[in-house]
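To keep things clear, I will list the structure first and then write my remarks on it.
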Amino acid sequence: EPYAATAAEGNFWYGTEALWTDVRRDGMWYGLPKSEGGYGNKLAWWHDGYSIEAEPVPEITLSARQLDGEAVVEPYIDGTNAFHPDYGEFMMTGIELPMLGCWEISAAYKGERLSFVVWIAP
């Protein structure tokens with residue numbers, strides 16, 4: 001409490017009380033929408049005590065680097081807030097990855113850093 005004990009079906013919680021997200025059990029993102037900038041996805045992030053009222057535009061930084069190539073998505077702040085009755089208040093970010101493959105996604109918020117690896121498939 002006040003956070004959900006389990007993540008959405010097919011996902012698991014990853015991180016610490018200071019910063020966590022839900023990650024797919026199979027480690028894959030597939031069927032992502034494609035634009036000129038690449039493959040886009042939305043990511044939800046939690047921080048114990050995060051409040052939409054206190055910080056409606058969270059300063060969460062997101063970046064990525066390709067592990068099976070040389071592409072890099074430079075750090076940028078692109079956070080907003082969100083609420084879901086099952087998961088409470090959280091931060092939401094978007095990311096565009098220029099190509100398919102293996103990526104390390106990293107977030108930084110209030111001095112905490114969290115990274116995970118995902119495979120981007122068509």
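If you're wondering about the labels, chains in the structure tokens are A, B, ... by order shown, residues count from 1 in each chain, ligands from 1 in order shown.
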Note to self: List as a PyMOL selection string the protein and nucleic acid residues near segment 63-66 of chain A, meaning an atom at most 7 Å away when only C-alpha atoms are counted, but skip any in the same chain fewer than 3 places from it.
What the structure shows: chain A and resi 69-76+102-107
Identify, on the basis of only C-alpha atoms, every residue whose closest approach to segment 12-16 of chain A does not exceed 10 Å; exclude the query and any residue fewer than 4 positions from it along the same chain; express the result as a compact mmCIF listing (two decimals) with N, CA and C atoms, in the first residue's frame.
# COMPACT_ATOMS: atom_id res chain seq x y z
N ALA A 4 0.23 -1.06 -6.00
CA ALA A 4 -0.23 -2.41 -6.32
C ALA A 4 0.87 -3.43 -6.04
N ALA A 5 0.48 -4.59 -5.51
CA ALA A 5 1.45 -5.64 -5.19
C ALA A 5 1.98 -6.31 -6.45
N THR A 6 1.18 -6.36 -7.50
CA THR A 6 1.62 -7.00 -8.74
C THR A 6 1.41 -6.06 -9.92
N ALA A 7 2.26 -6.22 -10.91
CA ALA A 7 2.16 -5.42 -12.14
C ALA A 7 1.07 -6.00 -13.03
N ALA A 8 0.80 -5.32 -14.12
CA ALA A 8 -0.20 -5.78 -15.09
C ALA A 8 0.18 -7.17 -15.61
N TRP A 20 10.89 2.71 -9.81
CA TRP A 20 10.57 1.42 -10.40
C TRP A 20 9.65 1.58 -11.58
N THR A 21 9.58 0.52 -12.37
CA THR A 21 8.73 0.48 -13.56
C THR A 21 8.19 -0.93 -13.71
N ASP A 22 7.33 -1.15 -14.69
CA ASP A 22 6.88 -2.50 -15.00
C ASP A 22 7.52 -2.92 -16.32
N VAL A 23 8.07 -4.12 -16.33
CA VAL A 23 8.80 -4.64 -17.47
C VAL A 23 8.11 -5.91 -17.94
N ARG A 24 8.05 -6.09 -19.26
CA ARG A 24 7.44 -7.31 -19.81
C ARG A 24 8.28 -8.53 -19.44
N ARG A 25 7.61 -9.60 -19.06
CA ARG A 25 8.32 -10.84 -18.67
C ARG A 25 9.15 -11.40 -19.81
N TRP A 45 6.57 5.10 -14.69
CA TRP A 45 7.60 5.06 -13.65
C TRP A 45 6.98 5.47 -12.32
N TRP A 46 7.39 4.79 -11.25
CA TRP A 46 6.91 5.11 -9.92
C TRP A 46 8.07 5.49 -9.02
N HIS A 47 7.76 6.37 -8.07
CA HIS A 47 8.71 6.79 -7.04
C HIS A 47 7.90 6.90 -5.76
N ASP A 48 8.36 6.27 -4.69
CA ASP A 48 7.61 6.29 -3.44
C ASP A 48 7.38 7.74 -3.02
N GLU A 112 18.21 9.09 -8.46
CA GLU A 112 18.13 7.64 -8.64
C GLU A 112 18.21 7.32 -10.12
N ARG A 113 18.76 6.17 -10.44
CA ARG A 113 18.89 5.74 -11.83
C ARG A 113 18.41 4.28 -11.93
N LEU A 114 17.68 4.00 -13.00
CA LEU A 114 17.18 2.64 -13.23
C LEU A 114 17.31 2.32 -14.71
N SER A 115 17.87 1.15 -15.02
CA SER A 115 18.04 0.71 -16.41
C SER A 115 17.53 -0.70 -16.56
N PHE A 116 17.05 -1.00 -17.76
CA PHE A 116 16.67 -2.36 -18.11
C PHE A 116 16.91 -2.56 -19.60
Margin query: Let's see if you can do this: from backbone DSSP, list all strand (DSSP E) residues in segment 31-99 of chain A, as number ranges by chain.
Written below: A: 34-35, 38-46, 61-66, 72-77, 79-84, 88-97
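From atom CA of Pro58 of chain A back to atom CA of Lys34 of chain A, the distance works out to 26.0 Å.
Closest to Gly88 of chain A among A:Ala18, A:Tyr3, A:Gly40, A:Gly10 is A:Tyr3, based on only C-alpha atoms.
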Find the spatial neighbours of Leu32 of chain A, counting only C-alpha atoms, within a cut-off of 10 Å - ignore same-chain residues fewer than 2 positions away - and output them as an mmCIF file with N, CA, C and O atoms, in the first residue's frame.
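Printed below is part_22.cif as written:
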data_model
loop_
_atom_site.group_PDB
_atom_site.id
_atom_site.type_symbol
_atom_site.label_atom_id
_atom_site.label_comp_id
_atom_site.auth_asym_id
_atom_site.auth_seq_id
_atom_site.Cartn_x
_atom_site.Cartn_y
_atom_site.Cartn_z
ATOM 1 N N TRP A 29 9.480 -5.708 -26.792
ATOM 2 C CA TRP A 29 8.459 -4.752 -27.221
ATOM 3 C C TRP A 29 8.240 -5.045 -28.689
ATOM 4 O O TRP A 29 9.178 -5.049 -29.481
ATOM 5 N N TYR A 30 7.010 -5.305 -29.078
ATOM 6 C CA TYR A 30 6.728 -5.586 -30.482
ATOM 7 C C TYR A 30 5.434 -4.907 -30.887
ATOM 8 O O TYR A 30 4.612 -4.549 -30.049
ATOM 9 N N LYS A 34 5.384 3.136 -35.657
ATOM 10 C CA LYS A 34 6.604 3.651 -36.283
ATOM 11 C C LYS A 34 6.313 5.000 -36.925
ATOM 12 O O LYS A 34 5.311 5.190 -37.592
ATOM 13 N N SER A 35 7.232 5.942 -36.681
ATOM 14 C CA SER A 35 7.156 7.268 -37.288
ATOM 15 C C SER A 35 8.507 7.554 -37.940
ATOM 16 O O SER A 35 9.392 6.704 -37.930
ATOM 17 N N GLY A 38 11.296 6.896 -35.497
ATOM 18 C CA GLY A 38 11.577 5.530 -35.051
ATOM 19 C C GLY A 38 10.362 4.865 -34.452
ATOM 20 O O GLY A 38 9.223 5.194 -34.778
ATOM 21 N N TYR A 39 10.614 3.938 -33.550
ATOM 22 C CA TYR A 39 9.583 3.134 -32.901
ATOM 23 C C TYR A 39 9.271 3.744 -31.535
ATOM 24 O O TYR A 39 10.153 3.886 -30.691
ATOM 25 N N GLY A 40 8.005 4.104 -31.320
ATOM 26 C CA GLY A 40 7.625 4.803 -30.093
ATOM 27 C C GLY A 40 6.951 3.912 -29.075
ATOM 28 O O GLY A 40 6.250 2.963 -29.420
ATOM 29 N N ASN A 41 7.185 4.222 -27.811
ATOM 30 C CA ASN A 41 6.529 3.511 -26.718
ATOM 31 C C ASN A 41 6.358 4.459 -25.537
ATOM 32 O O ASN A 41 7.087 5.443 -25.410
ATOM 33 N N LYS A 42 5.397 4.149 -24.692
ATOM 34 C CA LYS A 42 5.168 4.893 -23.460
ATOM 35 C C LYS A 42 5.642 4.033 -22.298
ATOM 36 O O LYS A 42 5.469 2.814 -22.309
ATOM 37 N N GLU A 96 11.310 7.344 -28.398
ATOM 38 C CA GLU A 96 11.383 6.875 -29.779
ATOM 39 C C GLU A 96 12.764 6.282 -29.998
ATOM 40 O O GLU A 96 13.775 6.951 -29.740
ATOM 41 N N ILE A 120 13.534 -4.869 -29.235
ATOM 42 C CA ILE A 120 12.495 -4.229 -30.045
ATOM 43 C C ILE A 120 12.339 -5.075 -31.306
ATOM 44 O O ILE A 120 13.277 -5.215 -32.086
ATOM 45 N N ALA A 121 11.158 -5.636 -31.499
ATOM 46 C CA ALA A 121 10.871 -6.499 -32.632
ATOM 47 C C ALA A 121 9.740 -5.886 -33.468
ATOM 48 O O ALA A 121 8.958 -5.085 -32.954
ATOM 49 N N PRO A 122 9.668 -6.259 -34.764
ATOM 50 C CA PRO A 122 8.592 -5.701 -35.600
ATOM 51 C C PRO A 122 7.196 -6.092 -35.108
ATOM 52 O O PRO A 122 7.009 -6.982 -34.379
#
Item checked: Residues within 6 Å of Thr93 of chain A, only C-alpha atoms, excluding chain neighbours under 6 positions, as an MDAnalysis selection string -> chainID A and resid 42:43 78:79
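Using only C-alpha atoms, the smallest distance between any of A:Ser51, A:Glu9, A:Asp26, A:Pro33 and Phe90 of chain A comes from A:Ser51.
Distances to Leu62 of chain A were evaluated for A:Leu100, A:Ala108, A:Ala44, A:Leu19 using only C-alpha atoms, and the minimum falls at A:Ala108.
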